>>> print(open('protein-v9.cif').read())   # mmCIF, C-alpha atoms
data_entry
loop_
_atom_site.label_atom_id
_atom_site.label_comp_id
_atom_site.auth_asym_id
_atom_site.auth_seq_id
_atom_site.Cartn_x
_atom_site.Cartn_y
_atom_site.Cartn_z
CA MET A 1 44.95 -39.67 -10.90
CA ASP A 2 42.32 -37.00 -11.46
CA PHE A 3 38.80 -38.42 -11.68
CA LYS A 4 37.08 -35.16 -12.57
CA ASP A 5 36.73 -33.25 -15.81
CA THR A 6 38.33 -29.85 -15.92
CA PRO A 7 35.81 -27.03 -16.45
CA GLU A 8 36.72 -27.01 -20.15
CA GLU A 9 36.31 -30.77 -20.43
CA ALA A 10 32.98 -30.66 -18.60
CA ALA A 11 31.73 -28.01 -21.02
CA TYR A 12 32.83 -30.10 -23.99
CA ARG A 13 31.15 -33.21 -22.53
CA ALA A 14 27.88 -31.28 -22.14
CA LYS A 15 28.14 -30.10 -25.76
CA VAL A 16 28.71 -33.67 -27.00
CA ARG A 17 25.80 -35.02 -24.95
CA GLU A 18 23.52 -32.37 -26.38
CA TRP A 19 24.55 -33.20 -29.94
CA LEU A 20 24.15 -36.95 -29.43
CA SER A 21 20.71 -36.42 -27.94
CA ALA A 22 19.69 -34.25 -30.87
CA ASN A 23 20.86 -36.94 -33.31
CA SER A 24 19.48 -39.95 -31.47
CA ASP A 25 17.22 -40.77 -34.43
CA ALA A 26 20.26 -42.05 -36.34
CA LEU A 27 21.29 -44.24 -33.41
CA SER A 28 18.04 -46.19 -33.22
CA GLN A 29 18.53 -47.88 -36.60
CA PRO A 30 19.46 -51.60 -36.80
CA TRP A 31 23.14 -52.11 -37.56
CA SER A 32 24.10 -52.22 -41.24
CA ALA A 33 26.96 -50.89 -43.33
CA ALA A 34 24.61 -48.22 -44.67
CA ALA A 35 23.65 -47.12 -41.15
CA ALA A 36 27.33 -46.99 -40.13
CA LYS A 37 28.20 -44.85 -43.17
CA ALA A 38 25.29 -42.50 -42.51
CA TRP A 39 26.36 -42.05 -38.89
CA GLN A 40 29.97 -41.43 -39.90
CA LYS A 41 28.92 -38.72 -42.36
CA ARG A 42 26.74 -37.06 -39.73
CA LYS A 43 29.66 -36.97 -37.29
CA TYR A 44 31.94 -35.56 -39.97
CA ASP A 45 29.50 -32.76 -40.81
CA ALA A 46 29.32 -31.85 -37.12
CA GLY A 47 33.11 -31.74 -36.68
CA TYR A 48 33.43 -34.86 -34.54
CA VAL A 49 35.81 -36.78 -36.82
CA GLY A 50 39.58 -36.39 -36.57
CA ILE A 51 39.22 -34.38 -33.38
CA THR A 52 42.92 -34.66 -32.50
CA TRP A 53 44.27 -34.81 -36.05
CA PRO A 54 46.25 -31.92 -37.57
CA THR A 55 44.22 -29.24 -39.33
CA ALA A 56 46.41 -29.78 -42.41
CA VAL A 57 44.71 -33.15 -42.97
CA GLY A 58 41.20 -31.97 -42.11
CA GLY A 59 41.30 -32.54 -38.37
CA GLN A 60 40.45 -30.27 -35.46
CA ALA A 61 43.86 -30.33 -33.67
CA ARG A 62 42.04 -30.49 -30.35
CA PRO A 63 43.31 -32.07 -27.08
CA ALA A 64 43.27 -35.87 -26.85
CA MET A 65 40.80 -35.68 -23.95
CA GLU A 66 38.14 -34.29 -26.27
CA GLN A 67 38.39 -37.38 -28.47
CA ILE A 68 38.20 -39.60 -25.40
CA ILE A 69 35.18 -37.71 -24.05
CA PHE A 70 33.39 -38.01 -27.37
CA ASN A 71 34.15 -41.75 -27.51
CA GLN A 72 32.87 -42.23 -23.96
CA GLU A 73 29.60 -40.45 -24.63
CA GLU A 74 29.08 -42.04 -28.04
CA ALA A 75 29.59 -45.51 -26.53
CA LYS A 76 26.60 -44.94 -24.22
CA HIS A 77 24.37 -44.85 -27.31
CA ASP A 78 25.68 -48.09 -28.87
CA ALA A 79 26.57 -46.15 -32.04
CA PRO A 80 27.45 -48.12 -35.21
CA THR A 81 31.17 -47.29 -35.17
CA GLY A 82 32.80 -50.70 -35.65
CA LEU A 83 33.11 -50.41 -39.42
CA TYR A 84 35.53 -47.49 -39.05
CA ALA A 85 37.39 -48.40 -35.85
CA ILE A 86 40.38 -49.86 -37.68
CA GLY A 87 40.44 -47.48 -40.63
CA LEU A 88 40.13 -44.21 -38.74
CA GLY A 89 41.69 -45.47 -35.53
CA MET A 90 44.80 -47.07 -37.05
CA CYS A 91 45.14 -46.95 -40.85
CA ILE A 92 44.45 -43.32 -41.71
CA PRO A 93 46.77 -41.90 -39.00
CA THR A 94 49.48 -44.08 -40.53
CA VAL A 95 48.66 -42.74 -44.00
CA PHE A 96 48.86 -39.06 -43.13
CA SER A 97 51.93 -39.62 -40.95
CA HIS A 98 53.97 -41.46 -43.61
CA ALA A 99 52.51 -40.67 -47.05
CA LEU A 100 55.12 -39.65 -49.62
CA SER A 101 53.18 -36.62 -50.85
CA PRO A 102 50.36 -34.25 -49.87
CA ALA A 103 48.45 -35.53 -52.90
CA ILE A 104 48.10 -38.98 -51.31
CA VAL A 105 46.84 -37.46 -48.06
CA GLU A 106 44.38 -35.27 -49.96
CA ARG A 107 43.12 -38.23 -51.98
CA TYR A 108 42.46 -40.64 -49.12
CA VAL A 109 42.08 -38.89 -45.77
CA PRO A 110 39.02 -36.63 -46.28
CA VAL A 111 37.10 -39.38 -48.10
CA ALA A 112 37.74 -41.80 -45.24
CA MET A 113 36.74 -39.20 -42.67
CA ARG A 114 33.39 -38.79 -44.40
CA GLY A 115 32.90 -42.54 -44.28
CA GLU A 116 32.79 -42.99 -48.04
CA GLU A 117 35.65 -45.49 -48.07
CA VAL A 118 36.39 -48.23 -45.53
CA TRP A 119 39.89 -49.38 -44.61
CA CYS A 120 41.45 -52.50 -43.09
CA GLN A 121 44.86 -53.46 -41.73
CA LEU A 122 46.72 -56.23 -43.59
CA PHE A 123 49.37 -57.44 -41.15
CA SER A 124 48.96 -61.00 -39.81
CA GLU A 125 49.87 -64.05 -41.90
CA PRO A 126 49.53 -67.81 -41.36
CA SER A 127 53.18 -68.03 -40.23
CA ALA A 128 53.43 -64.53 -38.77
CA GLY A 129 50.84 -63.69 -36.15
CA SER A 130 52.40 -62.47 -32.94
CA ASP A 131 55.80 -62.22 -34.67
CA LEU A 132 54.82 -59.57 -37.19
CA ALA A 133 58.37 -59.23 -38.52
CA ALA A 134 58.23 -62.84 -39.77
CA ILE A 135 55.87 -62.01 -42.64
CA ARG A 136 56.47 -63.59 -46.06
CA THR A 137 54.16 -61.58 -48.35
CA ARG A 138 56.62 -60.04 -50.77
CA ALA A 139 56.72 -56.86 -52.81
CA GLU A 140 59.16 -56.73 -55.71
CA ARG A 141 60.26 -53.71 -57.73
CA ASP A 142 58.87 -53.52 -61.26
CA GLY A 143 59.66 -50.29 -63.08
CA ASP A 144 58.03 -47.36 -61.29
CA GLY A 145 55.92 -49.63 -59.11
CA TRP A 146 55.78 -52.82 -57.10
CA VAL A 147 54.23 -56.27 -57.52
CA ILE A 148 52.79 -57.98 -54.42
CA ASN A 149 52.27 -61.72 -53.93
CA GLY A 150 51.31 -63.48 -50.73
CA GLN A 151 48.58 -64.02 -48.16
CA LYS A 152 47.21 -62.27 -45.11
CA VAL A 153 44.81 -63.73 -42.54
CA TRP A 154 42.52 -62.66 -39.67
CA THR A 155 41.95 -59.36 -41.46
CA SER A 156 38.94 -57.73 -39.81
CA ASN A 157 36.29 -56.34 -42.17
CA ALA A 158 38.37 -56.91 -45.32
CA HIS A 159 35.18 -58.08 -47.06
CA LEU A 160 33.63 -54.64 -46.43
CA SER A 161 36.76 -52.57 -47.11
CA ASP A 162 37.84 -50.54 -50.11
CA PHE A 163 41.50 -50.03 -49.19
CA GLY A 164 44.05 -51.31 -46.73
CA ILE A 165 47.56 -50.74 -45.49
CA ILE A 166 49.77 -53.75 -46.09
CA ILE A 167 53.16 -54.65 -44.65
CA THR A 168 55.37 -56.59 -47.09
CA ARG A 169 58.88 -57.99 -47.32
CA THR A 170 60.98 -56.13 -49.89
CA ASP A 171 64.45 -57.38 -48.92
CA PRO A 172 64.91 -60.93 -47.58
CA THR A 173 68.71 -60.56 -47.36
CA VAL A 174 68.66 -58.38 -44.23
CA PRO A 175 67.39 -59.13 -40.67
CA LYS A 176 63.65 -59.55 -40.54
CA HIS A 177 62.83 -56.16 -39.00
CA LYS A 178 64.84 -54.26 -41.61
CA GLY A 179 63.53 -55.64 -44.89
CA LEU A 180 59.90 -54.52 -44.61
CA THR A 181 57.97 -51.85 -46.53
CA MET A 182 54.37 -50.68 -46.16
CA PHE A 183 51.95 -49.71 -48.95
CA ILE A 184 48.38 -48.61 -49.59
CA VAL A 185 46.55 -51.33 -51.51
CA ASP A 186 43.25 -51.22 -53.40
CA LEU A 187 41.17 -54.22 -52.32
CA LYS A 188 39.07 -53.97 -55.46
CA ASP A 189 42.11 -54.81 -57.58
CA PRO A 190 41.45 -57.99 -59.66
CA GLY A 191 44.57 -59.58 -58.15
CA VAL A 192 43.08 -59.40 -54.64
CA GLU A 193 40.85 -62.20 -53.37
CA VAL A 194 39.04 -61.85 -50.04
CA ARG A 195 37.68 -65.00 -48.39
CA PRO A 196 35.57 -64.52 -45.23
CA ILE A 197 36.30 -66.97 -42.40
CA LYS A 198 33.24 -68.51 -40.77
CA GLN A 199 33.60 -68.17 -37.00
CA MET A 200 32.04 -70.35 -34.31
CA SER A 201 29.96 -67.35 -33.25
CA GLY A 202 28.23 -67.46 -36.65
CA SER A 203 29.74 -64.21 -37.90
CA SER A 204 32.41 -63.72 -40.55
CA ASP A 205 34.26 -60.59 -39.50
CA PHE A 206 37.71 -62.09 -40.12
CA ASN A 207 39.07 -62.82 -43.58
CA GLU A 208 41.86 -64.42 -45.54
CA VAL A 209 43.20 -62.11 -48.25
CA PHE A 210 45.29 -63.40 -51.17
CA PHE A 211 47.45 -61.24 -53.44
CA THR A 212 48.43 -62.44 -56.91
CA ASP A 213 50.61 -60.11 -58.99
CA VAL A 214 48.97 -57.03 -57.50
CA ARG A 215 50.59 -53.89 -58.95
CA ILE A 216 51.03 -50.86 -56.70
CA PRO A 217 52.54 -47.53 -57.81
CA ASP A 218 55.52 -46.37 -55.79
CA SER A 219 53.54 -43.24 -54.88
CA HIS A 220 51.41 -45.49 -52.64
CA ARG A 221 54.36 -46.50 -50.51
CA LEU A 222 54.22 -45.38 -46.87
CA GLY A 223 57.62 -44.38 -45.56
CA GLU A 224 61.00 -45.31 -46.98
CA VAL A 225 61.82 -48.65 -48.58
CA GLY A 226 62.91 -51.00 -45.79
CA ASP A 227 61.42 -48.74 -43.14
CA GLY A 228 58.16 -50.67 -42.81
CA TRP A 229 58.76 -51.79 -39.24
CA LYS A 230 59.09 -48.19 -38.09
CA VAL A 231 55.93 -47.26 -40.02
CA SER A 232 54.05 -50.22 -38.56
CA LEU A 233 54.82 -49.00 -35.04
CA THR A 234 52.63 -45.97 -35.76
CA THR A 235 49.76 -48.33 -36.51
CA LEU A 236 50.46 -50.59 -33.54
CA MET A 237 50.65 -47.63 -31.16
CA HIS A 238 47.13 -46.61 -32.14
CA GLU A 239 45.97 -50.25 -32.07
CA ARG A 240 47.15 -50.88 -28.51
CA LEU A 241 45.09 -47.94 -27.24
CA ALA A 242 42.09 -48.78 -29.43
CA VAL A 243 41.75 -52.36 -28.17
CA GLY A 244 42.60 -51.64 -24.55
CA GLY A 245 39.04 -51.12 -23.36
CA LYS A 246 35.98 -53.33 -23.14
CA PRO A 247 33.79 -53.23 -26.28
CA SER A 248 30.61 -51.26 -25.72
CA SER A 249 28.54 -54.26 -26.82
CA ALA A 250 29.99 -56.52 -24.11
CA PRO A 251 27.74 -57.14 -21.09
CA GLY A 252 29.07 -56.13 -17.69
CA VAL A 253 28.57 -56.80 -14.02
CA GLN A 254 25.10 -55.24 -13.86
CA GLU A 255 23.89 -57.50 -16.67
CA MET A 256 25.39 -60.47 -14.82
CA ILE A 257 23.50 -59.52 -11.64
CA ALA A 258 20.24 -59.19 -13.57
CA LEU A 259 20.77 -62.59 -15.20
CA ALA A 260 21.57 -64.26 -11.86
CA LYS A 261 18.38 -62.78 -10.36
CA ALA A 262 16.32 -64.18 -13.23
CA ILE A 263 17.65 -67.75 -13.03
CA ASP A 264 15.70 -70.01 -10.65
CA MET A 265 17.92 -72.54 -8.86
CA GLY A 266 15.00 -74.32 -7.19
CA GLU A 267 15.82 -72.80 -3.80
CA GLY A 268 15.73 -69.21 -4.86
CA SER A 269 17.51 -67.23 -7.54
CA ALA A 270 21.10 -67.87 -8.59
CA LEU A 271 22.05 -64.56 -7.02
CA GLU A 272 21.23 -65.97 -3.60
CA GLN A 273 23.91 -68.64 -3.99
CA ARG A 274 27.19 -67.78 -2.28
CA HIS A 275 29.46 -69.08 -5.06
CA VAL A 276 27.53 -67.00 -7.63
CA ARG A 277 27.95 -63.82 -5.61
CA GLU A 278 31.66 -64.57 -5.21
CA ARG A 279 32.12 -64.93 -8.97
CA ILE A 280 30.25 -61.69 -9.62
CA ALA A 281 32.32 -59.94 -6.96
CA ARG A 282 35.54 -61.05 -8.66
CA ALA A 283 34.25 -59.71 -11.98
CA TYR A 284 33.34 -56.42 -10.30
CA ILE A 285 36.84 -56.09 -8.82
CA ALA A 286 38.39 -56.76 -12.24
CA ASP A 287 36.08 -54.19 -13.85
CA GLN A 288 37.05 -51.58 -11.28
CA GLY A 289 40.72 -52.34 -11.78
CA ILE A 290 40.31 -51.88 -15.52
CA ALA A 291 38.47 -48.58 -15.01
CA LEU A 292 41.18 -47.25 -12.70
CA THR A 293 43.96 -48.36 -15.03
CA ARG A 294 42.25 -46.65 -17.95
CA MET A 295 41.94 -43.57 -15.76
CA ARG A 296 45.74 -43.42 -15.64
CA THR A 297 45.74 -43.09 -19.41
CA LEU A 298 43.07 -40.39 -19.31
CA SER A 299 44.93 -38.48 -16.61
CA ALA A 300 48.16 -38.60 -18.64
CA LEU A 301 46.40 -37.38 -21.78
CA SER A 302 44.52 -34.68 -19.89
CA SER A 303 47.78 -33.24 -18.57
CA GLY A 304 49.55 -33.45 -21.92
CA ARG A 305 51.72 -36.46 -21.07
CA THR A 306 52.24 -39.58 -23.18
CA PRO A 307 50.44 -42.64 -21.76
CA GLY A 308 52.58 -45.51 -20.55
CA PRO A 309 51.92 -49.26 -20.87
CA GLU A 310 48.47 -49.03 -19.26
CA SER A 311 46.65 -50.10 -22.44
CA SER A 312 48.59 -53.39 -22.52
CA ILE A 313 47.63 -54.09 -18.90
CA SER A 314 43.98 -53.22 -19.56
CA LYS A 315 43.70 -55.41 -22.62
CA VAL A 316 45.04 -58.51 -20.87
CA VAL A 317 42.51 -58.12 -18.05
CA VAL A 318 39.57 -57.00 -20.24
CA ALA A 319 39.67 -59.98 -22.60
CA GLN A 320 40.13 -62.51 -19.80
CA THR A 321 37.31 -61.00 -17.71
CA MET A 322 34.94 -60.93 -20.70
CA GLN A 323 35.61 -64.59 -21.41
CA GLU A 324 35.23 -65.67 -17.78
CA MET A 325 31.96 -63.77 -17.37
CA GLY A 326 30.57 -65.20 -20.59
CA ARG A 327 31.53 -68.74 -19.57
CA PHE A 328 29.99 -68.33 -16.10
CA ALA A 329 26.74 -66.91 -17.53
CA MET A 330 26.37 -69.88 -19.87
CA ASP A 331 27.18 -72.30 -17.04
CA LEU A 332 24.43 -70.74 -14.91
CA ALA A 333 21.90 -71.05 -17.72
CA GLU A 334 22.94 -74.67 -18.39
CA SER A 335 21.56 -75.88 -21.75
CA ALA A 336 19.84 -72.53 -22.35
CA GLY A 337 23.25 -70.88 -22.32
CA PHE A 338 23.87 -71.95 -25.91
CA VAL A 339 21.47 -69.99 -28.05
CA SER A 340 20.97 -69.61 -31.77
CA GLY A 341 19.93 -66.13 -32.83
CA GLY A 342 19.05 -64.44 -29.58
CA ASP A 343 15.64 -62.85 -30.06
CA GLU A 344 14.09 -65.05 -27.38
CA VAL A 345 16.90 -64.70 -24.80
CA PRO A 346 18.84 -61.55 -25.71
CA GLU A 347 20.65 -61.42 -22.35
CA LEU A 348 22.18 -64.86 -22.85
CA ALA A 349 22.93 -64.08 -26.49
CA ARG A 350 25.04 -61.11 -25.40
CA PHE A 351 27.01 -63.20 -22.91
CA GLN A 352 27.52 -65.93 -25.48
CA GLY A 353 28.71 -63.36 -28.03
CA SER A 354 31.04 -61.89 -25.42
CA TYR A 355 32.46 -65.33 -24.61
CA PHE A 356 33.22 -66.14 -28.24
CA GLY A 357 34.36 -62.61 -29.07
CA ALA A 358 36.81 -62.48 -26.18
CA ALA A 359 38.77 -65.35 -27.73
CA GLY A 360 39.50 -63.13 -30.72
CA LEU A 361 40.18 -60.12 -28.51
CA ARG A 362 42.88 -62.10 -26.70
CA ILE A 363 44.69 -62.30 -30.05
CA ALA A 364 43.84 -58.98 -31.72
CA GLY A 365 46.24 -56.16 -30.97
CA GLY A 366 48.78 -58.55 -29.45
CA THR A 367 48.23 -61.90 -27.76
CA ASP A 368 48.12 -62.21 -23.98
CA GLU A 369 51.65 -63.64 -24.07
CA ILE A 370 53.06 -60.77 -26.15
CA LEU A 371 51.43 -58.14 -23.94
CA LYS A 372 52.67 -59.85 -20.78
CA ASN A 373 56.17 -59.71 -22.24
CA ILE A 374 55.72 -55.97 -22.86
CA ILE A 375 54.56 -55.46 -19.28
CA ALA A 376 57.41 -57.58 -17.91
CA GLU A 377 60.11 -55.79 -19.92
CA ARG A 378 58.83 -52.21 -19.93
CA VAL A 379 57.05 -51.99 -16.58
CA LEU A 380 58.82 -54.46 -14.32
CA GLY A 381 62.24 -54.10 -15.96
CA LEU A 382 62.72 -57.84 -16.38
CA PRO A 383 65.18 -59.20 -18.97
CA GLY A 384 63.81 -59.47 -22.49
CA ASP A 385 63.23 -62.72 -24.34
CA ILE A 386 66.25 -64.23 -26.05
CA ARG A 387 65.85 -63.54 -29.79
CA VAL A 388 68.36 -65.69 -31.62
CA ASP A 389 67.15 -64.56 -35.06
CA LYS A 390 67.33 -60.83 -34.37
CA ASP A 391 70.43 -60.12 -36.49
CA VAL A 392 70.14 -63.02 -38.94
CA PRO A 393 69.20 -62.29 -42.59
CA PHE A 394 65.58 -63.34 -43.09
CA ASN A 395 66.39 -65.75 -45.89
CA GLN A 396 68.83 -67.55 -43.58
CA ILE A 397 66.43 -68.06 -40.66
CA GLY A 398 65.76 -71.72 -40.07
CA ARG A 399 68.50 -72.94 -42.38
CA PRO A 400 71.05 -75.40 -40.99
CA ASP A 401 74.67 -74.27 -40.89
#
>>> encode(input="protein-v9.cif", output="structure tokens")
Amino acid sequence: MDFKDTPEEAAYRAKVREWLSANSDALSQPWSAAAAKAWQKRKYDAGYVGITWPTAVGGQARPAMEQIIFNQEEAKHDAPTGLYAIGLGMCIPTVFSHALSPAIVERYVPVAMRGEEVWCQLFSEPSAGSDLAAIRTRAERDGDGWVINGQKVWTSNAHLSDFGIIITRTDPTVPKHKGLTMFIVDLKDPGVEVRPIKQMSGSSDFNEVFFTDVRIPDSHRLGEVGDGWKVSLTTLMHERLAVGGKPSSAPGVQEMIALAKAIDMGEGSALEQRHVRERIARAYIADQGIALTRMRTLSALSSGRTPGPESSISKVVVAQTMQEMGRFAMDLAESAGFVSGGDEVPELARFQGSYFGAAGLRIAGGTDEILKNIIAERVLGLPGDIRVDKDVPFNQIGRPD
């Protein structure tokens, strides 16, 4: 692994730092959808959106390391980027990779890059979470278009989104991976109902989304009919990398040390207790392991190679470490570890948010179990799971002989 920027990468990093410093006024605003949209437009005007995307779709066609460098430096400023992480990180690359015509790309991609429209990813269903190919939301041909009926769940930011990409079942008579088709859907359609899900953290980032006779023109299909699984792999490839690192809002080892110093155990601070230092040391080791694993990805991208399964490894460790650190911080603070709001004890509020948020992170982008299977099969070369329904027509799955 190479831990240093090349001269070209160092120059680009300095340029990005200078621009972020010059635009720090926009980063000091409290988070809101309006602030996120304003920041996105400012980045677009400066040429920091779609850095690696083809010039034909409005991108810069620059090396992947430049996007990574920009993300690293932007994260240091706690920029309001979450509203666009899914849309620009996963949905729009799928759109310009699989749209049926240049007109569709021209209609949706530049507008999304400017931050004027927000996108979400409509994949998971009540009976199809980790097994994406088991979805039941159906799309049926109707003249020159399609009619969609069904339900999606755990859809992040659907309540704030204008459009989404949706995976549907168009042919139940073939094996489950072969009868899928993906579309662009307008979430403002009267047949779409978005219901936010109240989470134990107090937020409502996840949603249920119901579709009742929603009409979609065939021009808004992504890829060929029945080729939805292949199209979805484009989205999932971007998702694995996007969720592989620790969220910038999550507290780390240094925050844990500061909290342990501040907590009085009666015989000195918590940090003076051996078992506390041991727990912090374990978290530090995990953090360093994550950083080094991510460095493998950066080294591969920097040299023009395709990253391997490192993002799956990172995500498993990141989510688990976040949850363990959050739990330990709340244990140390005892009853004060459960806070409402957070203005009085912002440090504890961050650890509590990290603890609750990690539970969702262990599901998003592939559950721990799914990712461990990927690591086992693709890294260790172990036999794959037995999949008895792999070649069975979807409408025959679960039926007795």
>>> residues_around(input="protein-v9.cif", residues="A:Arg169", least_positions_apart="4", cutoff="12 Å", atoms="only C-alpha atoms", output="PyMOL selection string")
chain A and resi 123+132-141+146-151+173-183+225-229+394-395
>>> atom_distance(input="protein-v9.cif", atom1="atom CA of A:His159", atom2="atom CA of A:Phe206")
8.4 Å
>>> resolve_selection(input="protein-v9.cif", expression="the PyMOL selection byres ((chain A and resi 92-101) around 9)", output="ChimeraX atom specification")
/A:53,57,86-91,102-106,108-109,112-113,119,165,184,219-224,231-232,234-235,238
>>> resolve_selection(input="protein-v9.cif", expression="the PyMOL selection byres ((chain A and resi 193-203) around 12)", output="MDAnalysis selection string")
chainID A and resid 120 122 149:162 186:192 204:214 338:342 349:360
>>> write_last_selection(input="protein-v9.cif", atoms="C-alpha atoms", output="tab-separated table (two decimals), keeping the file's coordinate frame")
chain	number	residue	atom	x	y	z
A	120	CYS	CA	41.45	-52.50	-43.09
A	122	LEU	CA	46.72	-56.23	-43.59
A	149	ASN	CA	52.27	-61.72	-53.93
A	150	GLY	CA	51.31	-63.48	-50.73
A	151	GLN	CA	48.58	-64.02	-48.16
A	152	LYS	CA	47.21	-62.27	-45.11
A	153	VAL	CA	44.81	-63.73	-42.54
A	154	TRP	CA	42.52	-62.66	-39.67
A	155	THR	CA	41.95	-59.36	-41.46
A	156	SER	CA	38.94	-57.73	-39.81
A	157	ASN	CA	36.29	-56.34	-42.17
A	158	ALA	CA	38.37	-56.91	-45.32
A	159	HIS	CA	35.18	-58.08	-47.06
A	160	LEU	CA	33.63	-54.64	-46.43
A	161	SER	CA	36.76	-52.57	-47.11
A	162	ASP	CA	37.84	-50.54	-50.11
A	186	ASP	CA	43.25	-51.22	-53.40
A	187	LEU	CA	41.17	-54.22	-52.32
A	188	LYS	CA	39.07	-53.97	-55.46
A	189	ASP	CA	42.11	-54.81	-57.58
A	190	PRO	CA	41.45	-57.99	-59.66
A	191	GLY	CA	44.57	-59.58	-58.15
A	192	VAL	CA	43.08	-59.40	-54.64
A	204	SER	CA	32.41	-63.72	-40.55
A	205	ASP	CA	34.26	-60.59	-39.50
A	206	PHE	CA	37.71	-62.09	-40.12
A	207	ASN	CA	39.07	-62.82	-43.58
A	208	GLU	CA	41.86	-64.42	-45.54
A	209	VAL	CA	43.20	-62.11	-48.25
A	210	PHE	CA	45.29	-63.40	-51.17
A	211	PHE	CA	47.45	-61.24	-53.44
A	212	THR	CA	48.43	-62.44	-56.91
A	213	ASP	CA	50.61	-60.11	-58.99
A	214	VAL	CA	48.97	-57.03	-57.50
A	338	PHE	CA	23.87	-71.95	-25.91
A	339	VAL	CA	21.47	-69.99	-28.05
A	340	SER	CA	20.97	-69.61	-31.77
A	341	GLY	CA	19.93	-66.13	-32.83
A	342	GLY	CA	19.05	-64.44	-29.58
A	349	ALA	CA	22.93	-64.08	-26.49
A	350	ARG	CA	25.04	-61.11	-25.40
A	351	PHE	CA	27.01	-63.20	-22.91
A	352	GLN	CA	27.52	-65.93	-25.48
A	353	GLY	CA	28.71	-63.36	-28.03
A	354	SER	CA	31.04	-61.89	-25.42
A	355	TYR	CA	32.46	-65.33	-24.61
A	356	PHE	CA	33.22	-66.14	-28.24
A	357	GLY	CA	34.36	-62.61	-29.07
A	358	ALA	CA	36.81	-62.48	-26.18
A	359	ALA	CA	38.77	-65.35	-27.73
A	360	GLY	CA	39.50	-63.13	-30.72
>>> resolve_selection(input="protein-v9.cif", expression="the PyMOL selection byres ((chain A and resi 289) around 12)", output="PyMOL selection string")
chain A and resi 245+282-288+290-296+310+313-318+321
>>> closest_residue(input="protein-v9.cif", among="A:Gln273, A:Val49, A:Pro393, A:Ala258", to="A:Asp171", atoms="only C-alpha atoms")
A:Pro393
>>> decode(input="protein-v9.cif", residues="stretch 351-388 of chain A", atoms="C-alpha atoms", output="mmCIF file, in the first residue's frame")
data_model
loop_
_atom_site.group_PDB
_atom_site.id
_atom_site.type_symbol
_atom_site.label_atom_id
_atom_site.label_comp_id
_atom_site.auth_asym_id
_atom_site.auth_seq_id
_atom_site.Cartn_x
_atom_site.Cartn_y
_atom_site.Cartn_z
ATOM 1 C CA PHE A 351 -22.452 8.576 21.031
ATOM 2 C CA GLN A 352 -26.115 7.773 21.527
ATOM 3 C CA GLY A 353 -26.855 8.727 17.916
ATOM 4 C CA SER A 354 -23.946 6.576 16.780
ATOM 5 C CA TYR A 355 -25.216 3.617 18.804
ATOM 6 C CA PHE A 356 -28.712 3.798 17.340
ATOM 7 C CA GLY A 357 -27.483 4.665 13.841
ATOM 8 C CA ALA A 358 -25.087 1.727 13.717
ATOM 9 C CA ALA A 359 -28.020 -0.675 13.990
ATOM 10 C CA GLY A 360 -29.303 0.651 10.673
ATOM 11 C CA LEU A 361 -25.821 0.692 9.160
ATOM 12 C CA ARG A 362 -25.491 -3.021 9.911
ATOM 13 C CA ILE A 363 -28.453 -3.546 7.565
ATOM 14 C CA ALA A 364 -27.983 -0.841 4.918
ATOM 15 C CA GLY A 365 -25.873 -1.848 1.949
ATOM 16 C CA GLY A 366 -26.000 -5.517 2.948
ATOM 17 C CA THR A 367 -26.432 -7.074 6.378
ATOM 18 C CA ASP A 368 -23.455 -8.337 8.359
ATOM 19 C CA GLU A 369 -24.428 -11.895 7.407
ATOM 20 C CA ILE A 370 -24.614 -11.152 3.669
ATOM 21 C CA LEU A 371 -21.271 -9.340 3.689
ATOM 22 C CA LYS A 372 -19.621 -12.150 5.648
ATOM 23 C CA ASN A 373 -20.867 -14.552 2.984
ATOM 24 C CA ILE A 374 -19.305 -12.327 0.303
ATOM 25 C CA ILE A 375 -16.006 -12.291 2.181
ATOM 26 C CA ALA A 376 -16.128 -16.055 2.749
ATOM 27 C CA GLU A 377 -16.891 -16.882 -0.887
ATOM 28 C CA ARG A 378 -14.883 -14.228 -2.736
ATOM 29 C CA VAL A 379 -11.918 -13.724 -0.414
ATOM 30 C CA LEU A 380 -11.455 -17.027 1.387
ATOM 31 C CA GLY A 381 -12.725 -19.199 -1.464
ATOM 32 C CA LEU A 382 -15.156 -21.112 0.735
ATOM 33 C CA PRO A 383 -18.150 -22.941 -0.808
ATOM 34 C CA GLY A 384 -21.184 -20.778 -1.452
ATOM 35 C CA ASP A 385 -24.506 -21.116 0.336
ATOM 36 C CA ILE A 386 -26.853 -23.763 -1.015
ATOM 37 C CA ARG A 387 -29.569 -21.913 -2.961
ATOM 38 C CA VAL A 388 -32.360 -24.371 -3.629
#
